[in-house]
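Chemist: Next comes the structure file upload_3.txt, holding compact mmCIF, C-alpha atoms.
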```txt
# COMPACT_ATOMS: atom_id res chain seq x y z
CA MET C 1 -7.25 79.31 -9.22
CA LYS C 2 -10.94 79.71 -9.98
CA HIS C 3 -14.04 78.48 -8.19
CA PHE C 4 -16.66 76.43 -10.01
CA ALA C 5 -20.00 75.24 -8.65
CA ALA C 6 -20.51 71.57 -9.52
CA ASP C 7 -23.46 69.21 -9.11
CA LEU C 8 -21.98 65.87 -10.08
CA HIS C 9 -25.00 63.58 -9.75
CA ILE C 10 -28.11 64.32 -11.81
CA HIS C 11 -30.55 61.79 -13.29
CA THR C 12 -32.45 62.22 -16.55
CA ALA C 13 -35.84 60.83 -17.58
CA LEU C 14 -33.96 57.68 -18.60
CA SER C 15 -33.71 56.64 -14.94
CA PRO C 16 -37.00 54.90 -14.12
CA CYS C 17 -37.27 56.69 -10.77
CA ALA C 18 -36.63 60.16 -12.27
CA ALA C 19 -39.43 62.46 -13.41
CA ASP C 20 -40.31 62.73 -17.09
CA GLU C 21 -39.53 66.47 -16.83
CA MET C 22 -35.80 65.61 -16.62
CA THR C 23 -35.16 66.30 -20.30
CA PRO C 24 -31.73 67.40 -21.56
CA GLY C 25 -32.80 70.98 -22.22
CA ALA C 26 -34.68 71.35 -18.95
CA ILE C 27 -31.74 70.03 -16.92
CA VAL C 28 -29.34 72.44 -18.64
CA HIS C 29 -31.74 75.32 -18.05
CA ALA C 30 -32.20 74.40 -14.38
CA ALA C 31 -28.45 74.07 -13.90
CA ARG C 32 -27.81 77.53 -15.36
CA ASP C 33 -30.60 78.99 -13.23
CA ALA C 34 -29.03 77.43 -10.16
CA GLY C 35 -25.71 79.08 -11.02
CA LEU C 36 -23.87 75.85 -11.69
CA ASP C 37 -20.72 75.73 -13.82
CA MET C 38 -20.50 71.95 -14.06
CA ILE C 39 -22.93 69.03 -13.85
CA ALA C 40 -22.58 65.29 -14.31
CA ILE C 41 -25.31 63.11 -15.78
CA CYS C 42 -25.45 59.82 -13.88
CA ASP C 43 -28.43 57.62 -14.72
CA HIS C 44 -28.91 54.22 -13.13
CA ASN C 45 -26.83 51.61 -14.98
CA THR C 46 -26.69 53.60 -18.23
CA ALA C 47 -25.08 56.60 -19.87
CA GLY C 48 -27.68 56.60 -22.65
CA ASN C 49 -28.81 60.24 -22.28
CA ALA C 50 -25.47 61.80 -21.26
CA GLU C 51 -24.39 62.87 -24.72
CA ALA C 52 -27.80 64.42 -25.42
CA VAL C 53 -27.40 66.64 -22.34
CA GLN C 54 -23.87 67.57 -23.45
CA GLN C 55 -25.28 68.62 -26.82
CA ALA C 56 -28.10 70.56 -25.19
CA ALA C 57 -25.56 72.60 -23.20
CA ARG C 58 -23.45 75.23 -24.80
CA ASP C 59 -20.07 76.53 -23.69
CA ASP C 60 -21.16 78.08 -20.40
CA LEU C 61 -22.02 74.76 -18.72
CA ALA C 62 -19.66 71.79 -18.50
CA VAL C 63 -21.52 68.47 -18.69
CA ILE C 64 -19.64 65.36 -17.62
CA ALA C 65 -20.90 62.05 -18.96
CA GLY C 66 -21.37 59.63 -16.09
CA ILE C 67 -23.23 56.60 -14.87
CA GLU C 68 -24.48 55.33 -11.51
CA ILE C 69 -23.81 51.60 -11.43
CA THR C 70 -25.75 49.35 -9.05
CA THR C 71 -23.37 46.56 -8.05
CA VAL C 72 -24.15 42.97 -7.09
CA GLU C 73 -23.94 44.08 -3.44
CA GLU C 74 -26.52 46.80 -4.23
CA VAL C 75 -23.92 49.50 -3.69
CA HIS C 76 -24.32 52.55 -5.92
CA VAL C 77 -21.09 53.85 -7.44
CA LEU C 78 -20.72 56.83 -9.76
CA GLY C 79 -18.46 56.68 -12.77
CA LEU C 80 -17.46 60.07 -14.22
CA PHE C 81 -15.84 59.88 -17.64
CA PRO C 82 -13.60 62.06 -19.82
CA ASP C 83 -16.12 61.95 -22.69
CA ALA C 84 -19.46 60.51 -23.78
CA ASP C 85 -17.85 57.66 -25.74
CA ALA C 86 -16.02 56.38 -22.68
CA ALA C 87 -19.22 56.60 -20.62
CA ALA C 88 -21.17 54.78 -23.34
CA ALA C 89 -18.58 52.01 -23.54
CA ALA C 90 -18.72 51.43 -19.78
CA GLY C 91 -22.51 51.67 -19.95
CA ASP C 92 -22.69 49.00 -22.65
CA ALA C 93 -20.71 46.59 -20.48
CA VAL C 94 -23.09 47.20 -17.57
CA ARG C 95 -26.15 46.96 -19.81
CA GLN C 96 -25.22 43.47 -20.99
CA THR C 97 -25.57 42.18 -17.42
CA LEU C 98 -29.08 43.60 -16.84
CA PRO C 99 -32.33 41.66 -17.16
CA SER C 100 -34.88 42.60 -19.80
CA ALA C 101 -37.26 45.44 -18.78
CA ASN C 102 -40.27 43.32 -19.66
CA GLY C 103 -42.97 45.84 -18.78
CA SER C 104 -41.24 46.89 -15.55
CA HIS C 105 -42.03 50.58 -16.26
CA LYS C 106 -45.51 50.01 -14.79
CA ASP C 107 -43.93 49.48 -11.37
CA PHE C 108 -40.63 51.35 -11.66
CA GLY C 109 -41.24 54.18 -14.13
CA HIS C 110 -40.42 54.98 -17.74
CA GLN C 111 -36.92 54.79 -19.19
CA TRP C 112 -36.91 57.47 -21.91
CA LEU C 113 -33.99 57.76 -24.31
CA MET C 114 -33.99 61.35 -25.58
CA ASP C 115 -32.35 63.59 -28.13
CA PRO C 116 -30.90 66.99 -27.14
CA GLU C 117 -34.29 68.64 -27.78
CA GLY C 118 -36.03 66.27 -25.38
CA ARG C 119 -37.80 64.25 -28.06
CA VAL C 120 -38.26 60.62 -27.07
CA LEU C 121 -36.10 58.39 -29.25
CA GLY C 122 -37.22 55.18 -27.57
CA THR C 123 -37.29 53.34 -24.30
CA GLU C 124 -34.44 51.38 -22.78
CA ALA C 125 -35.15 47.67 -23.19
CA LYS C 126 -33.13 46.56 -20.14
CA MET C 127 -34.31 46.96 -16.56
CA LEU C 128 -32.21 49.78 -15.11
CA SER C 129 -33.54 49.75 -11.55
CA VAL C 130 -31.92 46.48 -10.45
CA ALA C 131 -28.42 45.31 -9.59
CA SER C 132 -26.05 44.82 -12.50
CA GLY C 133 -23.80 41.77 -12.71
CA PHE C 134 -20.76 43.79 -11.61
CA ALA C 135 -19.41 43.27 -8.11
CA LEU C 136 -18.18 46.53 -6.54
CA SER C 137 -14.49 45.88 -7.21
CA ASP C 138 -15.28 44.94 -10.83
CA ALA C 139 -17.45 48.03 -11.32
CA VAL C 140 -14.64 50.28 -10.11
CA ARG C 141 -12.21 48.43 -12.37
CA LEU C 142 -14.58 48.94 -15.34
CA ILE C 143 -14.80 52.67 -14.61
CA ARG C 144 -10.99 52.94 -14.50
CA GLN C 145 -10.59 50.89 -17.69
CA HIS C 146 -12.53 53.59 -19.48
CA GLY C 147 -10.51 56.41 -17.94
CA GLY C 148 -13.18 57.32 -15.43
CA LEU C 149 -13.29 58.45 -11.81
CA ALA C 150 -15.11 56.26 -9.26
CA VAL C 151 -17.14 58.04 -6.58
CA ALA C 152 -18.94 56.18 -3.79
CA SER C 153 -22.58 57.37 -4.04
CA HIS C 154 -24.51 59.06 -1.24
CA ILE C 155 -22.48 57.89 1.78
CA GLY C 156 -24.60 58.20 4.91
CA ARG C 157 -27.78 57.00 3.22
CA PRO C 158 -29.20 54.00 5.02
CA ALA C 159 -29.52 52.10 1.72
CA PHE C 160 -27.52 51.54 -1.48
CA SER C 161 -24.32 53.13 -0.15
CA VAL C 162 -21.04 51.31 0.31
CA LEU C 163 -21.25 51.75 4.09
CA SER C 164 -24.87 50.59 4.41
CA GLN C 165 -24.29 47.49 2.29
CA LEU C 166 -20.73 46.59 3.27
CA GLY C 167 -20.30 48.09 6.72
CA MET C 168 -17.01 49.83 5.89
CA LEU C 169 -14.94 50.88 2.88
CA PRO C 170 -13.55 47.66 1.36
CA LYS C 171 -9.76 47.40 1.45
CA ASN C 172 -9.61 45.96 -2.08
CA THR C 173 -11.45 48.86 -3.72
CA ARG C 174 -10.10 52.39 -4.01
CA PHE C 175 -12.53 55.21 -4.76
CA ASP C 176 -11.41 58.56 -6.18
CA ALA C 177 -13.90 60.39 -3.99
CA ILE C 178 -16.94 59.89 -1.79
CA GLU C 179 -20.25 61.68 -2.12
CA ILE C 180 -21.86 62.59 1.21
CA SER C 181 -25.65 62.27 1.15
CA ALA C 182 -28.28 64.70 2.36
CA THR C 183 -28.89 62.35 5.29
CA GLY C 184 -25.18 62.36 6.12
CA LEU C 185 -25.05 66.15 6.02
CA ARG C 186 -28.16 66.50 8.20
CA ALA C 187 -26.67 64.11 10.74
CA GLY C 188 -23.46 66.18 10.78
CA ARG C 189 -21.25 63.28 9.72
CA GLN C 190 -18.84 65.36 7.58
CA ALA C 191 -15.86 64.90 9.91
CA GLU C 192 -16.51 61.19 10.26
CA PHE C 193 -16.51 60.73 6.49
CA ALA C 194 -13.56 63.11 5.96
CA ALA C 195 -11.59 60.72 8.19
CA LEU C 196 -11.97 58.09 5.47
CA GLY C 197 -9.18 60.01 3.74
CA LEU C 198 -10.84 60.57 0.36
CA PRO C 199 -11.93 63.78 -1.37
CA MET C 200 -15.52 64.53 -0.42
CA VAL C 201 -18.21 65.89 -2.70
CA THR C 202 -21.91 66.41 -2.29
CA SER C 203 -24.52 66.49 -5.02
CA SER C 204 -28.22 66.89 -5.51
CA ASP C 205 -28.83 63.34 -6.82
CA SER C 206 -31.68 65.10 -8.61
CA HIS C 207 -34.61 63.11 -9.87
CA PHE C 208 -36.73 66.28 -10.21
CA LEU C 209 -35.88 69.63 -11.83
CA ALA C 210 -36.50 71.59 -8.63
CA ASP C 211 -33.63 69.73 -6.93
CA VAL C 212 -30.90 70.54 -9.46
CA GLY C 213 -28.07 72.30 -7.61
CA CYS C 214 -29.70 71.99 -4.16
CA ARG C 215 -26.45 70.41 -2.94
CA ARG C 216 -23.18 71.25 -4.68
CA THR C 217 -19.45 70.93 -4.57
CA MET C 218 -17.01 73.80 -4.99
CA LEU C 219 -14.30 72.89 -7.45
CA GLU C 220 -11.14 74.96 -7.09
CA SER C 221 -9.24 74.55 -10.33
CA LEU C 222 -8.10 76.32 -13.47
CA LEU C 223 -11.03 75.25 -15.65
CA ALA C 224 -14.38 73.50 -15.32
CA THR C 225 -13.31 70.33 -17.14
CA PHE C 226 -13.09 66.61 -16.44
CA ASP C 227 -9.28 66.76 -16.41
CA GLU C 228 -9.27 69.56 -13.87
CA LEU C 229 -11.81 67.71 -11.71
CA SER C 230 -9.54 64.67 -11.83
CA LEU C 231 -6.55 66.80 -10.73
CA ALA C 232 -8.66 68.35 -7.97
CA PHE C 233 -9.53 64.88 -6.61
CA LYS C 234 -5.79 64.18 -6.50
CA GLY C 235 -5.06 67.59 -4.96
CA VAL C 236 -2.53 68.53 -7.65
CA ASP C 237 -1.06 72.06 -7.41
CA ARG C 238 -3.55 73.29 -4.77
CA ARG C 239 -6.58 72.24 -6.78
CA ARG C 240 -9.28 70.79 -4.57
CA CYS C 241 -12.94 70.03 -4.04
CA CYS C 242 -14.91 71.09 -1.01
CA LEU C 243 -18.52 71.04 0.10
CA ALA C 244 -20.28 74.23 -0.93
CA MET K 1 -23.27 23.55 20.39
CA ASN K 2 -20.17 24.92 18.76
CA VAL K 3 -20.16 26.05 15.16
CA LYS K 4 -18.61 22.81 13.92
CA GLN K 5 -21.34 20.72 15.57
CA LEU K 6 -24.01 23.01 14.11
CA ALA K 7 -22.58 22.59 10.62
CA GLU K 8 -22.51 18.83 11.04
CA GLU K 9 -26.13 18.82 12.19
CA LEU K 10 -27.12 20.90 9.15
CA GLY K 11 -25.02 18.86 6.75
CA ILE K 12 -23.55 21.96 5.08
CA ASP K 13 -20.16 22.28 3.35
CA SER K 14 -17.18 23.71 5.19
CA LEU K 15 -15.24 26.18 3.01
CA THR K 16 -12.50 26.61 5.60
CA PRO K 17 -11.31 23.18 6.77
CA GLU K 18 -8.04 24.86 7.85
CA VAL K 19 -9.82 26.78 10.61
CA VAL K 20 -9.46 25.04 13.95
CA VAL K 21 -12.77 25.55 15.74
CA ASP K 22 -12.58 26.10 19.50
CA GLU K 23 -14.92 23.29 20.54
CA SER K 24 -15.69 24.94 23.88
CA ARG K 25 -17.02 28.08 22.13
CA GLN K 26 -20.79 27.77 22.30
CA VAL K 27 -22.88 29.54 19.67
CA PRO K 28 -25.56 31.47 21.58
CA GLY K 29 -27.61 32.56 18.58
CA GLY K 30 -27.49 34.00 15.13
CA TYR K 31 -28.47 36.73 12.75
CA THR K 32 -29.50 36.92 9.13
CA SER K 33 -29.05 39.96 6.93
CA ASP K 34 -27.32 40.95 3.72
CA LEU K 35 -26.60 44.51 4.80
CA LEU K 36 -23.27 44.39 6.55
CA SER K 37 -23.86 47.63 8.44
CA ASP K 38 -26.92 45.92 9.93
CA VAL K 39 -24.85 42.84 10.79
CA LEU K 40 -22.24 45.05 12.49
CA ALA K 41 -24.92 46.67 14.60
CA HIS K 42 -26.95 43.58 15.57
CA ALA K 43 -25.21 40.23 15.18
CA PRO K 44 -24.54 38.51 18.53
CA HIS K 45 -20.98 37.86 19.68
CA ASP K 46 -19.94 34.21 19.07
CA GLY K 47 -23.02 33.84 16.84
CA VAL K 48 -23.48 32.69 13.27
CA LEU K 49 -24.52 34.82 10.31
CA VAL K 50 -26.69 33.51 7.46
CA THR K 51 -26.33 35.65 4.34
CA VAL K 52 -26.12 35.81 0.55
CA GLN K 53 -23.59 38.66 0.79
CA ILE K 54 -20.28 37.19 -0.41
CA HIS K 55 -18.25 40.41 -0.62
CA LEU K 56 -14.82 40.34 1.05
CA ASN K 57 -16.11 42.72 3.72
CA VAL K 58 -18.28 39.96 5.15
CA VAL K 59 -15.15 38.58 6.82
CA ALA K 60 -14.05 41.96 8.16
CA VAL K 61 -17.53 42.51 9.56
CA ALA K 62 -17.69 38.99 11.02
CA ALA K 63 -14.33 39.55 12.72
CA HIS K 64 -15.42 42.92 14.06
CA ALA K 65 -18.69 41.48 15.38
CA GLY K 66 -16.87 38.51 16.91
CA LEU K 67 -18.85 35.91 14.97
CA ALA K 68 -17.92 32.24 15.10
CA GLY K 69 -19.05 31.46 11.58
CA VAL K 70 -20.80 32.56 8.41
CA ILE K 71 -23.19 30.42 6.36
CA PHE K 72 -23.66 31.40 2.71
CA ALA K 73 -27.09 30.40 1.41
CA MET K 74 -28.51 29.73 -2.07
CA GLY K 75 -25.35 28.09 -3.37
CA LEU K 76 -23.35 31.33 -3.25
CA ARG K 77 -19.67 31.03 -2.44
CA PRO K 78 -17.11 33.78 -1.79
CA ASP K 79 -13.92 34.00 -3.83
CA GLU K 80 -10.57 32.60 -2.71
CA ALA K 81 -9.30 35.95 -1.34
CA THR K 82 -12.31 36.12 0.96
CA ARG K 83 -11.88 32.50 2.01
CA GLN K 84 -8.17 33.07 2.80
CA LYS K 85 -9.03 36.14 4.86
CA ALA K 86 -11.50 34.07 6.89
CA VAL K 87 -8.83 31.43 7.50
CA GLU K 88 -6.46 34.16 8.76
CA GLU K 89 -9.17 35.52 11.05
CA GLY K 90 -10.17 32.07 12.29
CA ILE K 91 -13.76 32.46 11.10
CA ALA K 92 -15.43 29.29 9.83
CA LEU K 93 -17.24 29.67 6.50
CA TYR K 94 -19.94 27.27 5.26
CA ALA K 95 -22.00 27.01 2.09
CA THR K 96 -25.37 25.48 1.34
CA GLN K 97 -27.69 25.29 -1.65
CA GLU K 98 -30.63 25.96 0.66
CA PRO K 99 -32.30 29.38 0.92
CA ALA K 100 -31.47 31.47 3.98
CA PHE K 101 -35.07 31.08 5.18
CA ASP K 102 -34.74 27.31 5.42
CA ILE K 103 -31.31 27.36 7.04
CA VAL K 104 -32.49 29.82 9.67
CA GLY K 105 -35.50 27.61 10.34
CA ARG K 106 -33.27 24.62 10.88
CA LEU K 107 -30.95 26.60 13.18
CA TYR K 108 -33.99 27.66 15.19
CA ALA K 109 -35.08 24.02 15.45
CA LEU K 110 -31.62 23.24 16.82
CA GLY K 111 -32.26 25.72 19.65
CA LEU K 112 -30.58 28.88 18.37
CA ARG K 113 -32.39 32.20 18.79
CA GLY K 114 -31.99 35.69 17.34
CA THR K 115 -30.94 38.70 19.32
CA GLN K 116 -33.68 40.71 21.02
CA ALA K 117 -34.57 43.82 19.05
```
Show me this structure written as structure tokens.

Modeler:
Amino acid sequence: MKHFAADLHIHTALSPCAADEMTPGAIVHAARDAGLDMIAICDHNTAGNAEAVQQAARDDLAVIAGIEITTVEEVHVLGLFPDADAAAAAGDAVRQTLPSANGSHKDFGHQWLMDPEGRVLGTEAKMLSVASGFALSDAVRLIRQHGGLAVASHIGRPAFSVLSQLGMLPKNTRFDAIEISATGLRAGRQAEFAALGLPMVTSSDSHFLADVGCRRTMLESLLATFDELSLAFKGVDRRRCCLA
Amino acid sequence: MNVKQLAEELGIDSLTPEVVVDESRQVPGGYTSDLLSDVLAHAPHDGVLVTVQIHLNVVAVAAHAGLAGVIFAMGLRPDEATRQKAVEEGIALYATQEPAFDIVGRLYALGLRGTQA
């Protein structure tokens, strides 16, 4: 079994709240500098830049295509997908439920679609910073339909987490893992969240380059791949994830 | 007033006619919030909640907080699974087209008060 350092929640310049410096190449460079073996690209309500980051990385960094869906209940949930096509398909379904951006970048920030070299290809025409039309249970179902893993975002944050919005984990929705937030870690709530009985990860939730890798998960598995991450969440053959 | 009398005064729709309201259970006050962690922490026992949050967990939280009823504002209605869960828990659910702001104002006029911060 090998150990891989993973940061499974990084935004690109496509997320309105992320800095313009979050270009594919810069993220890959920052991840390598931080000694990461695996990252996941999870922009708000879109997977539009995930493939560009995959193309910007070469073989020494695994890049998982993901999305961070905002549900009707304003819960954030991460979808991590086996490939960019699956992420894009889930992203398209989410995108259809979003309102038009309509000049919202003035208040919320730019939504840059980029190529692997960081050149701006255009701006996303839908407003990414608001709730999608997917209720939490439907968002998790969508993620699964496309072969993805559903991770409850930044548990322990006082906003936009499943516990802040819904008080407790819903019985009708099964997550593959939970992501403990910086606030949760600072408050020492690891044991409390571990008692929820789900694999626990932590991530940088980077919106700025300097934050890439500042929180990370140790993946114990054979390879740094989506399939191995999936097996680690299930605890197959001593694979596992732990807070690093 | 009990929750049934309050609903009659407000003229709002009952979603759970199967729930037998304990007519001696007086509603001391209420709370309004769409964050269920906030409701868990602050809603008064035997009170009513005014919300636009229609997720299934609203019933679990209402049961945990010991609420007598939940009023869904702005024409929002929970799904059947949520309604059934409320019936099982004996929590009365109501729906209104009015905004939460207006419903809370009318509850206040009927004498209900919020919890002290």

Chemist: Show me, as an MDAnalysis selection string, every residue of chain K with an atom at most 7 Å from chain C, counting only C-alpha atoms.

Modeler: chainID K and resid 35:37 40 53 57 61

Chemist: Using all atoms listed in the file, which protein or nucleic acid residues come within 10 Å of region 118-128 of chain C? Drop anything in the same chain fewer than 2 positions from it, and give the result as a VMD selection string.

Modeler: chain C and resid 13 to 17 20 to 26 43 to 46 48 to 49 52 to 53 56 69 to 70 94 to 105 108 110 to 116 130 to 132

Chemist: For a test of reading the model, state the distance in Å between CA of Tyr108 (chain K) and CA of Val27 (chain K), rounded to one decimal.

Modeler: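 We find that CA of Tyr108 (chain K) and CA of Val27 (chain K) lie 12.1 Å from each other.
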
Chemist: Using all atoms listed in the file - which residues lie no farther than 8 Å from the point (-24.1, 59.3, -1.0) in the file's frame? Write them as a ChimeraX atom specification.

Modeler: /C:152-157,161,178-182,184,202

Chemist: Of the candidates K:Leu93, K:Ile54, K:Ala100, K:Val3, which shows the shortest atom-to-atom distance to Val70 (chain K), using all atoms listed in the file?

Modeler: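 Of K:Leu93, K:Ile54, K:Ala100, K:Val3, the one nearest Val70 (chain K), counting all atoms listed in the file, is K:Leu93.
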
Chemist: Provide the CA of Met74 (chain K) to CA of Thr96 (chain K) distance in Å, to one decimal place.

Modeler: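 Separation between CA of Met74 (chain K) and CA of Thr96 (chain K): 6.3 Å.
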
Chemist: Skipping near chain neighbours, those fewer than 4 positions away, what residues fall within 9 Å of Pro28 (chain K) using all atoms listed in the file, listed as an MDAnalysis selection string?

Modeler: chainID K and resid 1:2 44:48 112:114

Chemist: Could you jot down the CA of Ala30 (chain C) to CA of Ala224 (chain C) separation for me, Å, one decimal place?

Modeler: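 Atom-to-atom, CA of Ala30 (chain C) to CA of Ala224 (chain C), that is 17.9 Å.
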